[in-house]
$ cat upload.pdb   # PDB, C-alpha atoms
ATOM      1  CA  MET O 813       0.651  -1.798 -21.129
ATOM      2  CA  TYR O 814      -0.476  -2.804 -17.654
ATOM      3  CA  ARG O 815      -3.837  -1.858 -16.169
ATOM      4  CA  ILE O 816      -3.749  -1.253 -12.423
ATOM      5  CA  GLY O 817      -6.518  -0.732  -9.903
ATOM      6  CA  LEU O 818      -5.340   1.653  -7.175
ATOM      7  CA  VAL O 819      -7.479   1.712  -4.054
ATOM      8  CA  TYR O 820      -6.989   3.971  -1.034
ATOM      9  CA  GLY O 821      -8.741   4.877   2.194
ATOM     10  CA  THR O 822      -8.264   8.240   3.859
ATOM     11  CA  ASP O 823      -9.504  10.465   6.649
ATOM     12  CA  THR O 824      -7.110  13.395   6.324
ATOM     13  CA  GLY O 825      -6.654  13.303   2.541
ATOM     14  CA  ASN O 826      -2.967  12.346   2.630
ATOM     15  CA  THR O 827      -3.412   8.769   1.398
ATOM     16  CA  GLU O 828      -5.661  10.038  -1.393
ATOM     17  CA  GLU O 829      -3.070  12.638  -2.366
ATOM     18  CA  VAL O 830      -0.435   9.906  -2.616
ATOM     19  CA  ALA O 831      -2.804   7.799  -4.733
ATOM     20  CA  TYR O 832      -3.111  10.560  -7.299
ATOM     21  CA  LYS O 833       0.653  11.190  -7.243
ATOM     22  CA  LEU O 834       1.158   7.508  -8.027
ATOM     23  CA  GLN O 835      -1.420   7.620 -10.807
ATOM     24  CA  GLU O 836       0.182  10.700 -12.336
ATOM     25  CA  ARG O 837       3.726   9.354 -12.205
ATOM     26  CA  ILE O 838       3.126   5.801 -13.406
ATOM     27  CA  ASP O 839       3.563   6.361 -17.114
ATOM     28  CA  TRP O 840       3.992   2.679 -17.986
ATOM     29  CA  ALA O 841       0.453   1.627 -17.034
ATOM     30  CA  VAL O 842      -3.141   2.777 -16.996
ATOM     31  CA  VAL O 843      -4.060   3.400 -13.355
ATOM     32  CA  ASP O 844      -7.695   3.618 -12.247
ATOM     33  CA  VAL O 845      -8.133   5.152  -8.772
ATOM     34  CA  TYR O 846     -10.857   4.158  -6.301
ATOM     35  CA  ASP O 847     -11.743   5.258  -2.783
ATOM     36  CA  ILE O 848     -12.341   2.127  -0.691
ATOM     37  CA  ALA O 849     -15.393   3.876   0.805
ATOM     38  CA  SER O 850     -17.222   3.497  -2.509
ATOM     39  CA  CYS O 851     -15.413   0.520  -4.060
ATOM     40  CA  SER O 852     -16.957  -2.883  -4.602
ATOM     41  CA  PRO O 853     -15.343  -6.322  -4.681
ATOM     42  CA  GLU O 854     -16.470  -6.583  -8.305
ATOM     43  CA  GLU O 855     -14.446  -3.488  -9.197
ATOM     44  CA  LEU O 856     -11.373  -4.927  -7.522
ATOM     45  CA  SER O 857     -11.814  -8.291  -9.234
ATOM     46  CA  ARG O 858     -11.417  -6.648 -12.666
ATOM     47  CA  TYR O 859      -7.702  -6.081 -12.078
ATOM     48  CA  ASN O 860      -4.841  -8.550 -12.060
ATOM     49  CA  ILE O 861      -2.606  -5.849 -10.564
ATOM     50  CA  LEU O 862      -3.669  -3.810  -7.558
ATOM     51  CA  ILE O 863      -2.057  -1.072  -5.492
ATOM     52  CA  LEU O 864      -3.692  -0.699  -2.097
ATOM     53  CA  GLY O 865      -3.085   2.324   0.137
ATOM     54  CA  ILE O 866      -3.874   2.526   3.832
ATOM     55  CA  PRO O 867      -2.925   4.886   6.647
ATOM     56  CA  THR O 868      -2.414   3.684  10.188
ATOM     57  CA  TRP O 869      -4.854   5.442  12.418
ATOM     58  CA  ASP O 870      -4.270   6.355  16.052
ATOM     59  CA  PHE O 871      -2.612   3.533  18.045
ATOM     60  CA  GLY O 872      -2.134   1.014  15.245
ATOM     61  CA  GLY O 873      -5.702   0.942  13.952
ATOM     62  CA  LEU O 874      -7.243   0.640  10.525
ATOM     63  CA  GLN O 875      -8.555   3.709   8.742
ATOM     64  CA  ALA O 876     -12.369   3.861   9.123
ATOM     65  CA  ASP O 877     -13.317   3.052   5.511
ATOM     66  CA  TRP O 878     -10.868   0.132   5.371
ATOM     67  CA  GLU O 879     -12.273  -1.077   8.693
ATOM     68  CA  ASP O 880     -15.780  -1.028   7.184
ATOM     69  CA  PHE O 881     -14.516  -2.918   4.099
ATOM     70  CA  TRP O 882     -12.552  -5.498   6.115
ATOM     71  CA  PRO O 883     -15.345  -8.140   6.408
ATOM     72  CA  ILE O 884     -15.763  -7.978   2.623
ATOM     73  CA  LEU O 885     -12.000  -8.211   2.125
ATOM     74  CA  GLU O 886     -11.882 -11.328   4.278
ATOM     75  CA  ASP O 887     -14.324 -13.052   1.897
ATOM     76  CA  MET O 888     -12.379 -12.145  -1.256
ATOM     77  CA  SER O 889      -9.805 -14.192  -3.142
ATOM     78  CA  PHE O 890      -6.630 -12.573  -4.385
ATOM     79  CA  ALA O 891      -5.362 -15.725  -6.081
ATOM     80  CA  GLY O 892      -3.589 -14.843  -9.307
ATOM     81  CA  LYS O 893      -3.375 -11.147  -8.395
ATOM     82  CA  ILE O 894      -0.219  -9.106  -7.983
ATOM     83  CA  VAL O 895      -0.581  -6.593  -5.163
ATOM     84  CA  ALA O 896       1.628  -3.690  -4.138
ATOM     85  CA  LEU O 897       0.905  -1.818  -0.937
ATOM     86  CA  TYR O 898       1.635   1.602   0.459
ATOM     87  CA  GLY O 899       0.975   2.945   3.905
ATOM     88  CA  LEU O 900       1.158   6.198   5.784
ATOM     89  CA  GLY O 901       2.007   6.667   9.415
ATOM     90  CA  ASP O 902       3.606   8.989  11.940
ATOM     91  CA  GLN O 903       6.894   7.474  13.094
ATOM     92  CA  PHE O 904       7.480   9.953  15.922
ATOM     93  CA  GLY O 905       3.963  10.458  17.287
ATOM     94  CA  TYR O 906       3.068   6.760  16.982
ATOM     95  CA  GLY O 907       6.470   5.084  16.733
ATOM     96  CA  HIS O 908       5.310   1.882  18.425
ATOM     97  CA  TYR O 909       2.592   1.420  15.798
ATOM     98  CA  PHE O 910       4.285   2.804  12.682
ATOM     99  CA  LEU O 911       2.530   1.491   9.562
ATOM    100  CA  ASP O 912       0.721  -1.242  11.499
ATOM    101  CA  ALA O 913      -2.330  -1.032   9.206
ATOM    102  CA  LEU O 914      -0.040  -1.659   6.223
ATOM    103  CA  GLY O 915       1.104  -4.867   7.885
ATOM    104  CA  MET O 916      -2.462  -5.935   8.611
ATOM    105  CA  LEU O 917      -3.534  -5.278   5.016
ATOM    106  CA  HIS O 918      -0.494  -7.175   3.735
ATOM    107  CA  ASP O 919      -1.358 -10.211   5.846
ATOM    108  CA  ALA O 920      -5.008 -10.132   4.779
ATOM    109  CA  VAL O 921      -4.337 -10.107   1.023
ATOM    110  CA  ARG O 922      -1.348 -12.466   1.252
ATOM    111  CA  ASP O 923      -3.447 -14.984   3.195
ATOM    112  CA  ARG O 924      -6.036 -14.801   0.410
ATOM    113  CA  GLY O 925      -3.566 -15.735  -2.334
ATOM    114  CA  ALA O 926      -2.002 -12.457  -3.497
ATOM    115  CA  THR O 927       1.536 -12.230  -4.783
ATOM    116  CA  ILE O 928       3.008  -9.209  -3.003
ATOM    117  CA  ILE O 929       5.563  -6.953  -4.672
ATOM    118  CA  GLY O 930       7.107  -3.629  -3.714
ATOM    119  CA  HIS O 931       8.812  -4.163  -0.365
ATOM    120  CA  TYR O 932      10.542  -0.938   0.658
ATOM    121  CA  ALA O 933      13.694  -0.472   2.754
ATOM    122  CA  THR O 934      13.354   0.826   6.303
ATOM    123  CA  ALA O 935      16.545   2.909   5.997
ATOM    124  CA  GLY O 936      15.880   6.560   6.815
ATOM    125  CA  PHE O 937      12.940   5.857   9.118
ATOM    126  CA  ASP O 938      13.053   6.133  12.928
ATOM    127  CA  PHE O 939      10.393   4.103  14.734
ATOM    128  CA  GLU O 940      10.165   1.613  17.596
ATOM    129  CA  ALA O 941       7.935  -1.117  16.166
ATOM    130  CA  SER O 942       5.812  -1.993  13.141
ATOM    131  CA  LYS O 943       3.566  -4.830  11.996
ATOM    132  CA  ALA O 944       4.608  -3.895   8.443
ATOM    133  CA  LEU O 945       8.129  -5.294   8.630
ATOM    134  CA  THR O 946       9.385  -8.188   6.532
ATOM    135  CA  GLU O 947      10.778 -11.158   8.415
ATOM    136  CA  ASP O 948      14.334  -9.800   8.328
ATOM    137  CA  GLY O 949      13.175  -6.381   9.606
ATOM    138  CA  LYS O 950      15.049  -4.540   6.848
ATOM    139  CA  HIS O 951      12.031  -3.740   4.683
ATOM    140  CA  PHE O 952       8.427  -2.754   4.986
ATOM    141  CA  VAL O 953       5.923  -4.968   3.158
ATOM    142  CA  GLY O 954       5.170  -1.969   0.919
ATOM    143  CA  LEU O 955       6.042   1.674   0.479
ATOM    144  CA  GLY O 956       6.150   3.483   3.798
ATOM    145  CA  LEU O 957       5.516   7.213   3.978
ATOM    146  CA  ASP O 958       5.356   9.693   6.829
ATOM    147  CA  GLU O 959       3.514  12.801   5.666
ATOM    148  CA  ASP O 960       3.630  14.201   9.201
ATOM    149  CA  GLN O 961       7.365  14.069   9.923
ATOM    150  CA  GLN O 962       9.158  13.377   6.612
ATOM    151  CA  MET O 963       6.909  14.924   3.995
ATOM    152  CA  GLU O 964       9.977  16.300   2.148
ATOM    153  CA  LEU O 965      11.132  12.713   1.425
ATOM    154  CA  SER O 966       7.822  11.415   0.036
ATOM    155  CA  ASP O 967       8.283  12.437  -3.603
ATOM    156  CA  GLN O 968      11.680  10.741  -3.803
ATOM    157  CA  ARG O 969      10.374   7.610  -2.089
ATOM    158  CA  ILE O 970       7.371   7.489  -4.418
ATOM    159  CA  SER O 971       9.596   7.798  -7.500
ATOM    160  CA  GLU O 972      11.947   5.067  -6.291
ATOM    161  CA  TRP O 973       9.025   2.776  -5.523
ATOM    162  CA  ILE O 974       7.366   3.326  -8.896
ATOM    163  CA  ASN O 975      10.608   2.344 -10.642
ATOM    164  CA  GLN O 976      10.894  -0.695  -8.396
ATOM    165  CA  LEU O 977       7.320  -1.791  -9.182
ATOM    166  CA  GLN O 978       7.926  -1.483 -12.913
ATOM    167  CA  GLN O 979      11.030  -3.679 -12.656
ATOM    168  CA  GLU O 980       9.293  -6.262 -10.472
ATOM    169  CA  LEU O 981       6.318  -6.474 -12.836
ATOM    170  CA  GLN O 982       8.635  -6.956 -15.816
ATOM    171  CA  LEU O 983      10.409  -9.745 -13.955
ATOM    172  CA  ALA O 984       7.063 -11.343 -13.113
ATOM    173  CA  ASP O 985       6.142 -11.275 -16.816
ATOM    174  CA  CYS O 986       9.351 -13.151 -17.638
ATOM    175  CA  ALA O 987       8.767 -15.849 -15.024
TER     176      ALA O 987
END

$ encode --input "upload.pdb" --output "structure tokens"
Amino acid sequence: MYRIGLVYGTDTGNTEEVAYKLQERIDWAVVDVYDIASCSPEELSRYNILILGIPTWDFGGLQADWEDFWPILEDMSFAGKIVALYGLGDQFGYGHYFLDALGMLHDAVRDRGATIIGHYATAGFDFEASKALTEDGKHFVGLGLDEDQQMELSDQRISEWINQLQQELQLADCA
């Protein structure tokens, strides 16, 4: 059984709520949940598999607790770690910045050696621009959720993503 460290930052509570939904629904791993506001690099280093959750705040900015943690993050190594990401945004109110913080977090951990899993299709979303897009523009670099405009789709998207992560981790074990 896998052991996963799940870390989130939140101002409104939505990203935290998603973290606990993920923890509850991942029945193929032990998932320990941490708020980035009180998490240390040592806690993160205990896990070979991490799920990191971040909302995009205002006009493409980082959530406050992630922003405070960012200098620490930039000094960390993610070599040998498998990282899945999820992000929350508002595609209609902030469509030019949809999930930008997810893209920034992706780049930060990727540049520090992480193996990223869990890209999620952009189908069904309506936005103008995002820093969280894969090179081909057909996927986000992690699970994208919009709890403001498409809250009714979140549970289905979470379930699909959990199944995808399980399959990708099994494939990684075989490699």

$ closest_residue --input "upload.pdb" --among "O:Tyr859, O:Phe939, O:Trp869, O:Trp973" --to "Phe904 of chain O" --atoms "all atoms listed in the file"
O:Phe939

$ closest_residue --input "upload.pdb" --among "O:His951, O:Lys943, O:Lys893, O:Arg969" --to "Ile863 of chain O" --atoms "all atoms listed in the file"
O:Lys893

$ resolve_selection --input "upload.pdb" --expression "the PyMOL selection byres ((chain O and resi 898) around 10)" --output "compact mmCIF listing (two decimals) with C-alpha atoms, in the frame of the given file"
# COMPACT_ATOMS: atom_id res chain seq x y z
CA TYR O 820 -6.99 3.97 -1.03
CA THR O 827 -3.41 8.77 1.40
CA VAL O 830 -0.44 9.91 -2.62
CA ALA O 831 -2.80 7.80 -4.73
CA ILE O 863 -2.06 -1.07 -5.49
CA LEU O 864 -3.69 -0.70 -2.10
CA GLY O 865 -3.08 2.32 0.14
CA ILE O 866 -3.87 2.53 3.83
CA PRO O 867 -2.92 4.89 6.65
CA ALA O 896 1.63 -3.69 -4.14
CA LEU O 897 0.90 -1.82 -0.94
CA GLY O 899 0.98 2.94 3.90
CA LEU O 900 1.16 6.20 5.78
CA LEU O 911 2.53 1.49 9.56
CA ALA O 913 -2.33 -1.03 9.21
CA LEU O 914 -0.04 -1.66 6.22
CA GLY O 915 1.10 -4.87 7.88
CA LEU O 917 -3.53 -5.28 5.02
CA HIS O 918 -0.49 -7.18 3.74
CA GLY O 930 7.11 -3.63 -3.71
CA HIS O 931 8.81 -4.16 -0.36
CA TYR O 932 10.54 -0.94 0.66
CA PHE O 952 8.43 -2.75 4.99
CA VAL O 953 5.92 -4.97 3.16
CA GLY O 954 5.17 -1.97 0.92
CA LEU O 955 6.04 1.67 0.48
CA GLY O 956 6.15 3.48 3.80
CA LEU O 957 5.52 7.21 3.98
CA ILE O 970 7.37 7.49 -4.42
CA TRP O 973 9.02 2.78 -5.52

$ resolve_selection --input "upload.pdb" --expression "the PyMOL selection byres ((chain O and resi 823) around 12)" --output "list in words"
Tyr820, Gly821, Thr822, Thr824, Gly825, Asn826, Thr827, Glu828, Glu829, Asp847, Ile848, Ala849, Ile866, Pro867, Thr868, Trp869, Asp870, Leu874, Gln875, Ala876, Asp877, Trp878 and Leu900 of chain O

$ resolve_selection --input "upload.pdb" --expression "the PyMOL selection byres ((chain O and resi 815) around 9)" --output "MDAnalysis selection string"
chainID O and resid 813:814 816:817 841:844 859:862

$ closest_atom_pairs --input "upload.pdb" --of "segment 888-970 of chain O" --to "segment 851-856 of chain O" --cutoff "12 Å" --atoms "only C-alpha atoms" --output "tab-separated table"
residue	atom	partner	partner_atom	distance
O:Met888	CA	O:Pro853	CA	7.4
O:Ser889	CA	O:Pro853	CA	9.7
O:Phe890	CA	O:Leu856	CA	9.5
O:Lys893	CA	O:Leu856	CA	10.2
O:Ile894	CA	O:Leu856	CA	11.9
O:Val895	CA	O:Leu856	CA	11.2

$ atom_distance --input "upload.pdb" --atom1 "atom CA of Arg858 of chain O" --atom2 "atom CA of Leu885 of chain O"
14.9 Å

$ axis_aligned_box --input "upload.pdb" --around "segment 958-976 of chain O" --padding-each-side "3 Å" --output "AutoDock Vina command-line options"
--center_x 7.7 --center_y 7.8 --center_z -0.4 --size_x 14.4 --size_y 23.0 --size_z 26.6

$ closest_residue --input "upload.pdb" --among "O:Asn975, O:Gln962, O:Gln903, O:Ser857" --to "Ser942 of chain O" --atoms "only C-alpha atoms"
O:Gln903

$ atom_distance --input "upload.pdb" --atom1 "atom CA of Asp923 of chain O" --atom2 "atom CA of His908 of chain O"
24.4 Å

$ atom_distance --input "upload.pdb" --atom1 "atom CA of Gly873 of chain O" --atom2 "atom CA of Tyr909 of chain O"
8.5 Å
